[in-house]
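Note: the block below is input_2.txt and it holds compact mmCIF, N, CA and C atoms.
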```
# COMPACT_ATOMS: atom_id res chain seq x y z
N MET A 23 40.62 103.70 125.03
CA MET A 23 41.84 103.34 125.73
C MET A 23 42.96 103.16 124.71
N TYR A 24 44.15 103.57 125.10
CA TYR A 24 45.29 103.50 124.20
C TYR A 24 45.96 102.13 124.29
N ALA A 25 46.40 101.63 123.16
CA ALA A 25 47.13 100.36 123.14
C ALA A 25 48.59 100.64 123.44
N VAL A 26 49.19 99.77 124.24
CA VAL A 26 50.60 99.92 124.58
C VAL A 26 51.42 99.24 123.49
N ARG A 27 52.30 100.00 122.90
CA ARG A 27 53.15 99.45 121.84
C ARG A 27 54.25 98.61 122.46
N PRO A 28 54.77 97.63 121.70
CA PRO A 28 55.85 96.79 122.23
C PRO A 28 57.09 97.58 122.64
N ARG A 29 57.42 98.63 121.89
CA ARG A 29 58.57 99.46 122.25
C ARG A 29 58.34 100.14 123.59
N SER A 30 57.13 100.58 123.82
CA SER A 30 56.81 101.24 125.09
C SER A 30 56.95 100.26 126.24
N ARG A 31 56.58 99.02 126.02
CA ARG A 31 56.73 98.01 127.07
C ARG A 31 58.20 97.80 127.40
N GLY A 32 59.03 97.74 126.35
CA GLY A 32 60.47 97.56 126.56
C GLY A 32 61.07 98.73 127.32
N THR A 33 60.66 99.93 126.95
CA THR A 33 61.16 101.12 127.65
C THR A 33 60.69 101.12 129.09
N ALA A 34 59.43 100.76 129.31
CA ALA A 34 58.91 100.70 130.68
C ALA A 34 59.64 99.64 131.49
N LEU A 35 59.95 98.50 130.86
CA LEU A 35 60.67 97.44 131.57
C LEU A 35 62.06 97.90 131.97
N VAL A 36 62.76 98.57 131.06
CA VAL A 36 64.09 99.09 131.39
C VAL A 36 63.98 100.11 132.52
N GLY A 37 62.97 100.96 132.48
CA GLY A 37 62.78 101.94 133.55
C GLY A 37 62.52 101.30 134.89
N VAL A 38 61.66 100.27 134.92
CA VAL A 38 61.35 99.58 136.18
C VAL A 38 62.60 98.89 136.72
N VAL A 39 63.34 98.21 135.87
CA VAL A 39 64.56 97.52 136.32
C VAL A 39 65.58 98.54 136.83
N THR A 40 65.71 99.66 136.13
CA THR A 40 66.67 100.69 136.56
C THR A 40 66.28 101.23 137.93
N PHE A 41 65.01 101.56 138.13
CA PHE A 41 64.59 102.10 139.42
C PHE A 41 64.66 101.06 140.52
N ALA A 42 64.40 99.80 140.19
CA ALA A 42 64.47 98.75 141.20
C ALA A 42 65.91 98.49 141.64
N LEU A 43 66.85 98.62 140.73
CA LEU A 43 68.25 98.33 141.04
C LEU A 43 69.07 99.59 141.30
N GLN A 44 68.43 100.75 141.41
CA GLN A 44 69.18 102.00 141.47
C GLN A 44 70.12 102.09 142.67
N VAL A 45 69.86 101.38 143.71
CA VAL A 45 70.75 101.42 144.87
C VAL A 45 72.08 100.76 144.53
N ARG A 46 72.07 99.77 143.68
CA ARG A 46 73.28 99.00 143.39
C ARG A 46 73.94 99.34 142.07
N LEU A 47 73.41 100.30 141.32
CA LEU A 47 74.02 100.64 140.03
C LEU A 47 75.32 101.40 140.23
N PRO A 48 76.36 101.05 139.47
CA PRO A 48 77.65 101.75 139.57
C PRO A 48 77.62 103.05 138.75
N TYR A 49 77.04 104.09 139.33
CA TYR A 49 76.83 105.33 138.58
C TYR A 49 78.12 105.94 138.05
N LYS A 50 79.16 105.94 138.85
CA LYS A 50 80.41 106.55 138.41
C LYS A 50 80.97 105.82 137.19
N LYS A 51 80.95 104.50 137.21
CA LYS A 51 81.45 103.73 136.07
C LYS A 51 80.57 103.96 134.84
N MET A 52 79.26 104.04 135.06
CA MET A 52 78.36 104.29 133.94
C MET A 52 78.62 105.65 133.32
N LEU A 53 78.86 106.66 134.15
CA LEU A 53 79.14 107.99 133.62
C LEU A 53 80.48 108.04 132.89
N ILE A 54 81.46 107.31 133.38
CA ILE A 54 82.76 107.28 132.71
C ILE A 54 82.62 106.65 131.32
N VAL A 55 81.91 105.54 131.23
CA VAL A 55 81.71 104.88 129.93
C VAL A 55 80.93 105.80 128.99
N THR A 56 79.90 106.45 129.51
CA THR A 56 79.13 107.39 128.70
C THR A 56 80.00 108.53 128.20
N ASP A 57 80.85 109.07 129.07
CA ASP A 57 81.75 110.15 128.67
C ASP A 57 82.72 109.71 127.57
N ILE A 58 83.20 108.49 127.66
CA ILE A 58 84.10 107.97 126.63
C ILE A 58 83.38 107.87 125.29
N PHE A 59 82.14 107.39 125.32
CA PHE A 59 81.35 107.31 124.08
C PHE A 59 81.09 108.70 123.50
N ILE A 60 80.75 109.66 124.36
CA ILE A 60 80.51 111.02 123.89
C ILE A 60 81.79 111.61 123.30
N GLY A 61 82.93 111.33 123.93
CA GLY A 61 84.21 111.80 123.40
C GLY A 61 84.51 111.21 122.03
N ALA A 62 84.21 109.93 121.86
CA ALA A 62 84.43 109.28 120.56
C ALA A 62 83.53 109.91 119.49
N VAL A 63 82.29 110.20 119.85
CA VAL A 63 81.38 110.85 118.90
C VAL A 63 81.89 112.25 118.55
N LEU A 64 82.40 112.98 119.55
CA LEU A 64 82.94 114.31 119.30
C LEU A 64 84.11 114.25 118.32
N LEU A 65 85.04 113.32 118.54
CA LEU A 65 86.19 113.20 117.64
C LEU A 65 85.76 112.82 116.23
N THR A 66 84.77 111.95 116.12
CA THR A 66 84.24 111.56 114.81
C THR A 66 83.62 112.77 114.11
N MET A 67 82.84 113.55 114.86
CA MET A 67 82.21 114.73 114.27
C MET A 67 83.23 115.76 113.82
N VAL A 68 84.27 115.96 114.61
CA VAL A 68 85.32 116.91 114.23
C VAL A 68 86.01 116.43 112.96
N GLY A 69 86.36 115.16 112.90
CA GLY A 69 87.03 114.62 111.71
C GLY A 69 86.17 114.73 110.47
N ASN A 70 84.89 114.40 110.58
CA ASN A 70 83.99 114.50 109.43
C ASN A 70 83.75 115.94 109.03
N THR A 71 83.67 116.84 110.00
CA THR A 71 83.47 118.26 109.68
C THR A 71 84.67 118.82 108.93
N VAL A 72 85.87 118.49 109.38
CA VAL A 72 87.07 118.94 108.67
C VAL A 72 87.09 118.37 107.25
N HIS A 73 86.72 117.10 107.11
CA HIS A 73 86.71 116.47 105.79
C HIS A 73 85.71 117.16 104.86
N VAL A 74 84.54 117.50 105.37
CA VAL A 74 83.54 118.19 104.55
C VAL A 74 84.04 119.58 104.17
N MET A 75 84.64 120.28 105.14
CA MET A 75 85.18 121.61 104.83
C MET A 75 86.30 121.54 103.79
N GLN A 76 87.07 120.47 103.83
CA GLN A 76 88.09 120.29 102.80
C GLN A 76 87.44 119.95 101.46
N SER A 77 86.39 119.17 101.47
CA SER A 77 85.73 118.76 100.22
C SER A 77 85.10 119.94 99.50
N ILE A 78 84.57 120.92 100.26
CA ILE A 78 83.93 122.07 99.60
C ILE A 78 84.89 123.23 99.39
N GLY A 79 86.14 123.06 99.82
CA GLY A 79 87.16 124.07 99.54
C GLY A 79 87.33 125.13 100.61
N TRP A 80 86.75 124.96 101.78
CA TRP A 80 86.90 125.94 102.85
C TRP A 80 88.19 125.74 103.64
N LEU A 81 88.75 124.56 103.60
CA LEU A 81 90.03 124.27 104.25
C LEU A 81 90.96 123.63 103.21
N PRO A 82 92.25 123.88 103.33
CA PRO A 82 93.18 123.23 102.41
C PRO A 82 93.30 121.74 102.73
N ILE A 83 93.71 120.97 101.75
CA ILE A 83 93.93 119.54 101.95
C ILE A 83 95.43 119.28 101.87
N THR A 84 95.99 118.85 102.99
CA THR A 84 97.41 118.52 103.04
C THR A 84 97.54 117.06 103.47
N PRO A 85 97.70 116.14 102.50
CA PRO A 85 97.81 114.72 102.87
C PRO A 85 99.07 114.45 103.69
N ILE A 86 98.98 113.48 104.57
CA ILE A 86 100.13 113.04 105.34
C ILE A 86 100.88 112.02 104.49
N ALA A 87 102.09 112.36 104.09
CA ALA A 87 102.87 111.51 103.19
C ALA A 87 103.16 110.17 103.86
N GLY A 88 102.90 109.10 103.13
CA GLY A 88 103.20 107.76 103.61
C GLY A 88 102.15 107.15 104.52
N LEU A 89 101.09 107.90 104.85
CA LEU A 89 100.03 107.36 105.72
C LEU A 89 98.82 107.03 104.87
N TYR A 90 98.49 105.77 104.83
CA TYR A 90 97.34 105.30 104.07
C TYR A 90 96.37 104.64 105.04
N LEU A 91 95.21 105.25 105.20
CA LEU A 91 94.19 104.72 106.11
C LEU A 91 93.09 104.06 105.31
N PRO A 92 92.53 102.97 105.83
CA PRO A 92 91.44 102.31 105.10
C PRO A 92 90.22 103.21 105.00
N PHE A 93 89.43 102.98 103.97
CA PHE A 93 88.24 103.78 103.70
C PHE A 93 87.27 103.74 104.88
N TRP A 94 87.10 102.57 105.48
CA TRP A 94 86.13 102.43 106.57
C TRP A 94 86.51 103.27 107.79
N LEU A 95 87.78 103.54 108.00
CA LEU A 95 88.20 104.34 109.15
C LEU A 95 87.67 105.77 109.02
N GLY A 96 87.67 106.28 107.81
CA GLY A 96 87.11 107.61 107.58
C GLY A 96 85.60 107.61 107.68
N GLN A 97 84.96 106.59 107.13
CA GLN A 97 83.51 106.54 107.14
C GLN A 97 82.94 106.32 108.54
N TRP A 98 83.57 105.48 109.33
CA TRP A 98 83.05 105.14 110.65
C TRP A 98 83.53 106.08 111.74
N PHE A 99 84.79 106.50 111.69
CA PHE A 99 85.36 107.25 112.79
C PHE A 99 85.84 108.65 112.41
N GLY A 100 85.67 109.05 111.17
CA GLY A 100 86.05 110.38 110.75
C GLY A 100 87.55 110.63 110.75
N VAL A 101 88.34 109.57 110.60
CA VAL A 101 89.80 109.70 110.59
C VAL A 101 90.27 109.62 109.14
N PHE A 102 90.78 110.74 108.65
CA PHE A 102 91.27 110.83 107.29
C PHE A 102 92.74 111.21 107.34
N ALA A 103 93.50 110.82 106.34
CA ALA A 103 94.96 111.02 106.34
C ALA A 103 95.34 112.41 105.87
N THR A 104 94.82 113.44 106.53
CA THR A 104 95.23 114.81 106.24
C THR A 104 95.69 115.46 107.54
N TRP A 105 96.64 116.37 107.41
CA TRP A 105 97.17 117.03 108.60
C TRP A 105 96.10 117.83 109.32
N GLN A 106 95.24 118.49 108.56
CA GLN A 106 94.21 119.32 109.18
C GLN A 106 93.26 118.48 110.03
N GLY A 107 92.81 117.36 109.51
CA GLY A 107 91.87 116.52 110.25
C GLY A 107 92.48 115.91 111.49
N ILE A 108 93.67 115.34 111.34
CA ILE A 108 94.33 114.69 112.48
C ILE A 108 94.67 115.73 113.55
N LEU A 109 95.17 116.90 113.14
CA LEU A 109 95.52 117.93 114.12
C LEU A 109 94.29 118.46 114.85
N MET A 110 93.19 118.68 114.13
CA MET A 110 91.98 119.17 114.80
C MET A 110 91.43 118.14 115.76
N GLN A 111 91.49 116.86 115.41
CA GLN A 111 91.04 115.82 116.33
C GLN A 111 91.95 115.75 117.56
N ALA A 112 93.26 115.91 117.35
CA ALA A 112 94.19 115.90 118.48
C ALA A 112 93.95 117.10 119.39
N VAL A 113 93.76 118.28 118.79
CA VAL A 113 93.50 119.48 119.59
C VAL A 113 92.19 119.31 120.39
N THR A 114 91.19 118.75 119.76
CA THR A 114 89.92 118.52 120.45
C THR A 114 90.09 117.56 121.61
N ALA A 115 90.80 116.46 121.39
CA ALA A 115 91.01 115.48 122.46
C ALA A 115 91.81 116.09 123.60
N ILE A 116 92.84 116.85 123.28
CA ILE A 116 93.65 117.50 124.32
C ILE A 116 92.80 118.49 125.11
N PHE A 117 91.96 119.25 124.42
CA PHE A 117 91.10 120.22 125.10
C PHE A 117 90.13 119.54 126.06
N VAL A 118 89.47 118.47 125.60
CA VAL A 118 88.48 117.79 126.44
C VAL A 118 89.16 117.11 127.63
N ILE A 119 90.24 116.39 127.38
CA ILE A 119 90.94 115.70 128.47
C ILE A 119 91.55 116.72 129.43
N GLY A 120 92.10 117.80 128.89
CA GLY A 120 92.68 118.84 129.73
C GLY A 120 91.63 119.52 130.59
N SER A 121 90.44 119.77 130.03
CA SER A 121 89.38 120.40 130.83
C SER A 121 88.91 119.48 131.94
N TYR A 122 88.94 118.17 131.70
CA TYR A 122 88.58 117.22 132.77
C TYR A 122 89.59 117.32 133.91
N PHE A 123 90.87 117.28 133.58
CA PHE A 123 91.89 117.34 134.63
C PHE A 123 91.88 118.70 135.34
N LEU A 124 91.61 119.77 134.62
CA LEU A 124 91.50 121.08 135.23
C LEU A 124 90.33 121.12 136.22
N ALA A 125 89.19 120.56 135.83
CA ALA A 125 88.03 120.53 136.73
C ALA A 125 88.33 119.69 137.97
N GLU A 126 89.01 118.56 137.80
CA GLU A 126 89.39 117.73 138.95
C GLU A 126 90.32 118.49 139.88
N HIS A 127 91.29 119.17 139.31
CA HIS A 127 92.25 119.94 140.11
C HIS A 127 91.55 121.06 140.88
N GLN A 128 90.64 121.77 140.19
CA GLN A 128 89.92 122.85 140.86
C GLN A 128 89.02 122.31 141.98
N GLY A 129 88.43 121.14 141.77
CA GLY A 129 87.61 120.52 142.81
C GLY A 129 88.43 120.16 144.04
N LYS A 130 89.62 119.63 143.82
CA LYS A 130 90.50 119.29 144.94
C LYS A 130 90.96 120.54 145.67
N GLN A 131 91.26 121.60 144.93
CA GLN A 131 91.67 122.85 145.56
C GLN A 131 90.52 123.44 146.38
N ARG A 132 89.31 123.34 145.87
CA ARG A 132 88.14 123.84 146.59
C ARG A 132 87.93 123.07 147.89
N MET A 133 88.15 121.76 147.84
CA MET A 133 87.98 120.94 149.05
C MET A 133 89.06 121.25 150.09
N LYS A 134 90.25 121.61 149.62
CA LYS A 134 91.32 121.97 150.55
C LYS A 134 91.02 123.30 151.24
N ARG A 135 90.43 124.25 150.49
CA ARG A 135 90.12 125.56 151.05
C ARG A 135 88.91 125.52 151.97
N HIS A 136 87.93 124.67 151.63
CA HIS A 136 86.68 124.62 152.39
C HIS A 136 86.39 123.19 152.82
N PRO A 137 87.07 122.68 153.84
CA PRO A 137 86.85 121.29 154.25
C PRO A 137 85.46 121.06 154.83
N ALA A 138 84.77 122.09 155.31
CA ALA A 138 83.42 121.93 155.86
C ALA A 138 82.44 121.54 154.77
N ALA A 139 82.68 121.96 153.54
CA ALA A 139 81.78 121.60 152.44
C ALA A 139 81.82 120.12 152.14
N GLN A 140 82.92 119.47 152.49
CA GLN A 140 83.08 118.04 152.25
C GLN A 140 82.15 117.24 153.17
N THR A 141 81.99 117.65 154.41
CA THR A 141 81.14 116.92 155.34
C THR A 141 79.67 117.23 155.11
N ALA A 142 79.35 118.39 154.56
CA ALA A 142 77.96 118.75 154.32
C ALA A 142 77.36 118.01 153.15
N ALA A 143 78.19 117.58 152.21
CA ALA A 143 77.69 116.91 151.01
C ALA A 143 77.36 115.49 151.22
```
File written out as structure tokens:
Amino acid sequence: MYAVRPRSRGTALVGVVTFALQVRLPYKKMLIVTDIFIGAVLLTMVGNTVHVMQSIGWLPITPIAGLYLPFWLGQWFGVFATWQGILMQAVTAIFVIGSYFLAEHQGKQRMKRHPAAQTAA
């Protein structure tokens, strides 16, 4: 017989509580918070990737004059005081937020064209 590890018990407990409370869980709010965290990770990864590409010479380094960011901001969030890094992070954020609003708009347009699909769901 296999011994149950303490981590497995904790995971099982979280699973049981989640399934027991699933009727009352605020799924939409949970997904929004998760999306925000994923977006923050994406921006951090983009900033760090640009920084690495600048460090190895694949991208030019153009410092932003007069902007001094603390060391921890770069280490934790991938925000470095270069035009390339800040612009790529801004472009990424605009793309992700824009795609969300585009998907919402298309969903509303679809519901206007096919109101029967709204009652079937």
Residues within 10 Å of Leu89 in chain A, only C-alpha atoms, excluding chain neighbours under 5 positions, as a PDB file with N, CA and C atoms, in the frame of the given file:
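Ended up saving to result_17.pdb:
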```pdb
ATOM      1  N   PHE A 102      90.780 110.740 108.650  1.00  0.00           N
ATOM      2  CA  PHE A 102      91.270 110.830 107.290  1.00  0.00           C
ATOM      3  C   PHE A 102      92.740 111.210 107.340  1.00  0.00           C
ATOM      4  N   ALA A 103      93.500 110.820 106.340  1.00  0.00           N
ATOM      5  CA  ALA A 103      94.960 111.020 106.340  1.00  0.00           C
ATOM      6  C   ALA A 103      95.340 112.410 105.870  1.00  0.00           C
ATOM      7  N   THR A 104      94.820 113.440 106.530  1.00  0.00           N
ATOM      8  CA  THR A 104      95.230 114.810 106.240  1.00  0.00           C
ATOM      9  C   THR A 104      95.690 115.460 107.540  1.00  0.00           C
TER      10      THR A 104
END
```
Two-atom distance - atom C of Leu95 in chain A, CA of Thr66 in chain A (Å): 8.9 Å
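Across the model, the gap from CA of Ile86 in chain A to atom C of His73 in chain A is 15.0 Å.
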Residues of range 26-120 of chain A in alpha helix (DSSP H), written as a VMD selection string: chain A and resid 28 to 42 49 to 77 93 to 99 105 to 120
Nearest to Met67 in chain A by atom-to-atom distance, counting only N, CA and C atoms, from A:Phe117, A:Phe123, A:Gln106, A:Phe99: A:Phe99
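Among the candidates A:Leu43, A:Leu65, A:Ile78, A:Leu124, the residue lying nearest to Ala112 in chain A is A:Leu65 (atoms considered: all atoms listed in the file).
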What are the centre and edge lengths in Å, to one decimal, of the axis-aligned box around all listed atoms of range 59-76 of chain A with 3 Å added on each side, as lines of an AutoDock Vina configuration file?
```
center_x = 84.3
center_y = 114.5
center_z = 113.4
size_x = 13.6
size_y = 20.3
size_z = 29.9
```
